[in-house]
Number of protein chains: 2
Amino acid sequence: MEISGIKEVEMVTIKDVARAAGVSPSTVSRALNDSPLIREETKARIRRIAAELGYERNELARGLVMGSSQALGLLIPDITNPFFAEITRGVGEAAHAQGYGVILCNTEGDPEREWSYIRLLKRKRVDGLILTSVTVESPYLKDLARSKTPFVLVSRSSRIVKAPYVGVDDRLGGRLAVEHLVELGHQRIGFIGGQPDVQSCIDRLEAFKEVLSERGLPLRKGWVVFSDFTQAAGYKAGLRILRRRTRPTAIFAANDVTALGVLQAAEELGLRVPDDLSLVGYDDISYAALPRIELTTVAQPSFEMGKIAAEWLLSVIGGKRRRPLHRLLKPRLVVRRTTAPLK
Amino acid sequence: MEISGIKEVEMVTIKDVARAAGVSPSTVSRALNDSPLIREETKARIRRIAAELGYERNELARGLVMGSSQALGLLIPDITNPFFAEITRGVGEAAHAQGYGVILCNTEGDPEREWSYIRLLKRKRVDGLILTSVTVESPYLKDLARSKTPFVLVSRSSRIVKAPYVGVDDRLGGRLAVEHLVELGHQRIGFIGGQPDVQSCIDRLEAFKEVLSERGLPLRKGWVVFSDFTQAAGYKAGLRILRRRTRPTAIFAANDVTALGVLQAAEELGLRVPDDLSLVGYDDISYAALPRIELTTVAQPSFEMGKIAAEWLLSVIGGKRRRPLHRLLKPRLVVRRTTAPLK
DNA sequence: TTGTACGCGTTATCAC
DNA sequence: GTGATAACGCGTACAA
């Protein structure tokens, strides 16, 4: 069977079905939408004919008249980061369960690109937006807020607008990580963050500072470094911290991908983890559990976050409820083998 | 600034712009589409007014009249597998460069779900489809083939239909992996595949058998196991092979995620890699390069595959060319530290 | 150079 | 119960 991938078979419309069934287009529409106005017998007949003809309703046309595109827009900074891939999976699951499509936009964390994607999504008249890549001052948030389209922030919140949000309690998460290190006896602890303008990162850093201060431990400027949530950046940040004359005996990296970069840096400098350096990540991506890696980390229910966000959005779209969403899920410390008592 | 996420600001239409500019809607349409019929001066004025009003054209309406939704459908079996995430990134890059949206569908490899997604995408009148999750006998392919919507297969091809395809030469890829092991002196080599009904997996297995036969090496049934491309399945398959009385000294896993599962199984059985067991993966996902892992693998240009597929599809959609696509990219052996000479 | 009229496929409203 | 008609927002022949 040879296929060119293209056939000029025109799409069958509601009119074709109507003609074949000997009824009017409106009757077909009602039958297919299971209106109580139509006799069961007629419905069945029309449905059969529609199926035979391979009819699929045109959602462009439907959306035009209904004022709804049956689609959600999803903005992700980096789809290759398993944390965001899991969120995407959660969103997809919830959306598809209600017949919704998900338009994915990989922003690479670039605000210009984000805004351009948002405009694309508005042109497509998506019924709602899920944002996972806002920074504290994302300039487009104000514009977005005054538009009709509902949206949710996931994992990253904003300081300038108070918007519907699903994430984990990052203060608590940061605290879990740092307290774990302190309890292992570490006194010289470093922090490697993502971009300093991401709220979740800021919260984790705040918790870090808080715990150090509570325990009377030193906060060295040189031990706090920012990167951008990628492995390469984590590697560079790791080198920077670990090459200092006095280096920390433990590091809290604000996400797993970064932590893996730090691990790489440590290995390269001949430092053994956890003997010479304890390391905690954040997210609990699947690769953190890998044998030989076994990264101690703070787990986030990423799949669930995506699902909750999409479900809330869909219920708002459906007009079911519109109470503001502010859901803080609980992070969970997962102790593996990159942390050990200070010798 | 408090935001509920919902505002009842109605979308501004081309009519509003026309009214504000004191011209007819058609003039606005032409101006915004940069028609040569409109005086530059008028265009500029209309554009300014449109921008001021925050006009964004309605692509639902546009799609209805133009017969094009400016969207591509993308079917992925597992978005959390970095190999597919990279393909997704490539597709997104190419699509967005031309103002296209990408509707992502995570199929979990379930054919029922795939077909249901394809129908969803047809209702949305996507201009093209990118499939990465077909099996050799995917039942829906024939139906798809007789539809108007163009499509491309990426990474996985089908036996029952000859369709536009982008992938790597998996025969060659498999050969590179196995020959590498043979040249290290291994004689007892095992194979762990994905689903046996995925063409790329079949090809890698064929290559495996071919090389063994050429070199006069034994092909033991118990050393060939299928799983499903996930880490968990790789782990189980690994245990199964490695617990046999006589076990192979080297294993070729048909993808990286599976290989990582095998690595886990080996560690658990107290086998050291590469001292007691050499291991080769396939894909070269970013986590394969991790310190402590350093998986020897066969690299695929996944990002590029997605990009090429989308670009071809878009050119077909644009009517530019419709010559059948059959692009076989070259795989590349990446030797790291999970393989070593047989002692 | 601009305006008018129609159609894209569907659903809602009002007849019958 | 079912059919005719208008409307959703836009692009495009055709007219002016």
# chains A, B, ... in the order shown; residues from 1 in each chain; ligands from 1
>>> closest_atom_pairs(of="chain D", to="chain A", cutoff="7 Å", atoms="only C-alpha atoms (C1' of nucleotides)", output="tab-separated table")
residue	atom	partner	partner_atom	distance
D:DG1	C1'	A:Ile38	CA	6.0
D:DT2	C1'	A:Thr27	CA	6.6
D:DG3	C1'	A:Ser24	CA	6.2
D:DC8	C1'	A:Val65	CA	4.3
>>> select_by_dssp(residues="range 93-160 of chain A", states="helix (DSSP H, G or I)", output="list in words")
Glu93, Ala94, Ala95, His96, Ala97, Pro111, Glu112, Arg113, Glu114, Trp115, Ser116, Tyr117, Ile118, Arg119, Leu120, Leu121, Lys122, Arg123, Tyr140, Leu141, Lys142, Asp143, Leu144 and Ala145 of chain A
>>> residues_around(residues="DA16 in chain D", least_positions_apart="5", cutoff="10 Å", atoms="only C-alpha atoms (C1' of nucleotides)", output="NGL selection string")
:C and (2-4)
>>> write_last_selection(atoms="N, CA and C atoms (P, O5', C5', C4', C3', O3' and C1' of nucleotides)", output="CSV table (one decimal), in the first residue's frame")
chain,number,residue,atom,x,y,z
C,2,DT,P,-7.3,53.3,0.5
C,2,DT,O5',-8.8,52.7,0.3
C,2,DT,C5',-9.9,53.6,0.4
C,2,DT,C4',-11.1,52.9,0.0
C,2,DT,C3',-11.7,52.0,1.1
C,2,DT,O3',-12.8,52.7,1.7
C,2,DT,C1',-12.0,51.2,-1.2
C,3,DG,P,-13.7,51.9,2.8
C,3,DG,O5',-14.9,51.3,1.9
C,3,DG,C5',-15.7,52.2,1.2
C,3,DG,C4',-16.8,51.4,0.5
C,3,DG,C3',-17.7,50.5,1.4
C,3,DG,O3',-19.0,50.6,1.1
C,3,DG,C1',-16.7,49.2,-0.2
C,4,DT,P,-20.2,49.8,1.9
C,4,DT,O5',-20.5,48.6,0.9
C,4,DT,C5',-20.8,48.8,-0.5
C,4,DT,C4',-21.4,47.6,-1.1
C,4,DT,C3',-22.3,46.8,-0.2
C,4,DT,O3',-23.3,46.3,-1.0
C,4,DT,C1',-20.4,45.4,-0.9
>>> interface_residues(of="chain C", to="chain A", cutoff="7 Å", atoms="only C-alpha atoms (C1' of nucleotides)", output="PDB file with C-alpha atoms (C1' of nucleotides), in the first residue's frame")
ATOM      1  C1'  DG C   9     -19.536  24.983   8.946  1.00  0.00           C
ATOM      2  C1'  DT C  10     -21.777  25.197  12.877  1.00  0.00           C
ATOM      3  C1'  DT C  11     -25.349  26.287  16.553  1.00  0.00           C
TER       4       DT C  11
END
>>> residues_around(residues="Glu179 in chain A", least_positions_apart="3", cutoff="9 Å", atoms="only C-alpha atoms (C1' of nucleotides)", output="list in words")
Gly174, Arg175, Leu176, Val182, Glu183, Leu184, Phe208, Val211 and Leu212 of chain A
>>> write_last_selection(atoms="N, CA and C atoms", output="CSV table (one decimal), in the first residue's frame")
chain,number,residue,atom,x,y,z
A,174,GLY,N,12.5,24.1,50.7
A,174,GLY,CA,13.9,24.6,51.0
A,174,GLY,C,14.3,24.2,52.4
A,175,ARG,N,13.4,24.4,53.3
A,175,ARG,CA,13.7,24.1,54.7
A,175,ARG,C,14.0,22.7,54.9
A,176,LEU,N,13.2,21.8,54.3
A,176,LEU,CA,13.4,20.4,54.4
A,176,LEU,C,14.9,20.0,54.0
A,182,VAL,N,21.8,20.3,57.7
A,182,VAL,CA,22.3,20.8,59.1
A,182,VAL,C,22.3,19.6,60.0
A,183,GLU,N,21.3,18.8,60.0
A,183,GLU,CA,21.2,17.7,60.9
A,183,GLU,C,22.3,16.6,60.7
A,184,LEU,N,22.8,16.6,59.5
A,184,LEU,CA,23.9,15.7,59.2
A,184,LEU,C,25.2,16.3,59.7
A,208,PHE,N,16.6,28.8,52.8
A,208,PHE,CA,18.0,28.5,53.0
A,208,PHE,C,18.6,29.5,54.0
A,211,VAL,N,17.0,29.1,57.6
A,211,VAL,CA,17.5,28.0,58.4
A,211,VAL,C,18.9,28.3,58.9
A,212,LEU,N,19.8,28.8,58.0
A,212,LEU,CA,21.2,29.1,58.4
A,212,LEU,C,21.2,30.1,59.6
>>> closest_residue(among="A:Ala232, A:Ala85, A:Leu53, A:Ile192", to="chain B", atoms="only C-alpha atoms")
A:Ala85
>>> atom_distance(atom1="CA of Ser200 in chain A", atom2="CA of Thr135 in chain A")
9.3 Å
>>> select_by_dssp(residues="range 123-170 of chain A", states="strand (DSSP E)", output="ChimeraX atom specification")
/A:128-131,151-154,165-168
>>> residues_around(residues="DA13 in chain D", least_positions_apart="6", cutoff="12 Å", atoms="only C-alpha atoms (C1' of nucleotides)", output="MDAnalysis selection string")
chainID C and resid 4:7
>>> write_last_selection(atoms="N, CA and C atoms (P, O5', C5', C4', C3', O3' and C1' of nucleotides)", output="mmCIF file, in the first residue's frame")
data_model
loop_
_atom_site.group_PDB
_atom_site.id
_atom_site.type_symbol
_atom_site.label_atom_id
_atom_site.label_comp_id
_atom_site.auth_asym_id
_atom_site.auth_seq_id
_atom_site.Cartn_x
_atom_site.Cartn_y
_atom_site.Cartn_z
ATOM 1 P P DT C 4 -20.166 49.815 1.854
ATOM 2 O "O5'" DT C 4 -20.505 48.600 0.873
ATOM 3 C "C5'" DT C 4 -20.764 48.839 -0.490
ATOM 4 C "C4'" DT C 4 -21.352 47.579 -1.128
ATOM 5 C "C3'" DT C 4 -22.268 46.769 -0.209
ATOM 6 O "O3'" DT C 4 -23.345 46.264 -0.994
ATOM 7 C "C1'" DT C 4 -20.446 45.414 -0.899
ATOM 8 P P DA C 5 -24.485 45.357 -0.410
ATOM 9 O "O5'" DA C 5 -23.937 43.896 -0.778
ATOM 10 C "C5'" DA C 5 -23.526 43.619 -2.122
ATOM 11 C "C4'" DA C 5 -23.252 42.124 -2.263
ATOM 12 C "C3'" DA C 5 -24.171 41.238 -1.425
ATOM 13 O "O3'" DA C 5 -24.433 40.061 -2.156
ATOM 14 C "C1'" DA C 5 -21.941 40.903 -0.738
ATOM 15 P P DC C 6 -25.460 38.959 -1.574
ATOM 16 O "O5'" DC C 6 -24.515 37.681 -1.404
ATOM 17 C "C5'" DC C 6 -23.609 37.347 -2.466
ATOM 18 C "C4'" DC C 6 -22.556 36.410 -1.931
ATOM 19 C "C3'" DC C 6 -23.099 35.246 -1.093
ATOM 20 O "O3'" DC C 6 -22.636 34.038 -1.655
ATOM 21 C "C1'" DC C 6 -21.268 36.275 -0.009
ATOM 22 P P DG C 7 -23.419 32.666 -1.304
ATOM 23 O "O5'" DG C 7 -22.253 31.764 -0.707
ATOM 24 C "C5'" DG C 7 -20.958 31.768 -1.310
ATOM 25 C "C4'" DG C 7 -19.945 31.349 -0.263
ATOM 26 C "C3'" DG C 7 -20.449 30.215 0.656
ATOM 27 O "O3'" DG C 7 -19.530 29.145 0.618
ATOM 28 C "C1'" DG C 7 -19.571 32.026 1.933
#
>>> closest_residue(among="B:Ala18, B:Leu74, B:Leu263, B:Leu314", to="Ile293 in chain A", atoms="only C-alpha atoms")
B:Leu263
>>> residues_around(residues="range 93-100 of chain B", least_positions_apart="3", cutoff="9 Å", atoms="only C-alpha atoms (C1' of nucleotides)", output="list of chain:residue names")
A:Cys105, A:Asn106, A:Tyr117, A:Leu120, B:Ser69, B:Gln70, B:Ala71, B:Leu72, B:Thr88, B:Arg89, B:Gly90, B:Gly306, B:Lys307, B:Ile308, B:Ala309, B:Ala310, B:Glu311, B:Leu314
>>> residues_around(residues="DT5 in chain D", least_positions_apart="6", cutoff="10 Å", atoms="only C-alpha atoms (C1' of nucleotides)", output="PDB file with N, CA and C atoms (P, O5', C5', C4', C3', O3' and C1' of nucleotides), in the first residue's frame")
ATOM      1  P    DT C  13     -30.815  30.595  21.949  1.00  0.00           P
ATOM      2  O5'  DT C  13     -31.870  31.210  20.929  1.00  0.00           O
ATOM      3  C5'  DT C  13     -31.457  32.244  20.016  1.00  0.00           C
ATOM      4  C4'  DT C  13     -32.596  32.528  19.051  1.00  0.00           C
ATOM      5  C3'  DT C  13     -33.991  32.372  19.660  1.00  0.00           C
ATOM      6  O3'  DT C  13     -34.804  33.471  19.258  1.00  0.00           O
ATOM      7  C1'  DT C  13     -33.805  31.015  17.731  1.00  0.00           C
ATOM      8  P    DC C  14     -36.208  33.741  20.026  1.00  0.00           P
ATOM      9  O5'  DC C  14     -37.257  33.615  18.836  1.00  0.00           O
ATOM     10  C5'  DC C  14     -36.948  34.112  17.535  1.00  0.00           C
ATOM     11  C4'  DC C  14     -37.630  33.248  16.489  1.00  0.00           C
ATOM     12  C3'  DC C  14     -39.100  32.955  16.787  1.00  0.00           C
ATOM     13  O3'  DC C  14     -39.914  33.510  15.765  1.00  0.00           O
ATOM     14  C1'  DC C  14     -37.961  31.024  16.034  1.00  0.00           C
ATOM     15  P    DA C  15     -41.459  33.738  15.947  1.00  0.00           P
ATOM     16  O5'  DA C  15     -42.012  33.257  14.525  1.00  0.00           O
ATOM     17  C5'  DA C  15     -42.596  32.011  14.433  1.00  0.00           C
ATOM     18  C4'  DA C  15     -42.167  31.274  13.176  1.00  0.00           C
ATOM     19  C3'  DA C  15     -43.284  30.381  12.677  1.00  0.00           C
ATOM     20  O3'  DA C  15     -43.568  30.664  11.310  1.00  0.00           O
ATOM     21  C1'  DA C  15     -41.319  29.081  13.188  1.00  0.00           C
TER      22       DA C  15
END
>>> atom_distance(atom1="CA of Lys142 in chain B", atom2="CA of Trp115 in chain B")
11.6 Å
>>> atom_distance(atom1="CA of Arg125 in chain A", atom2="CA of Asp34 in chain A")
25.8 Å
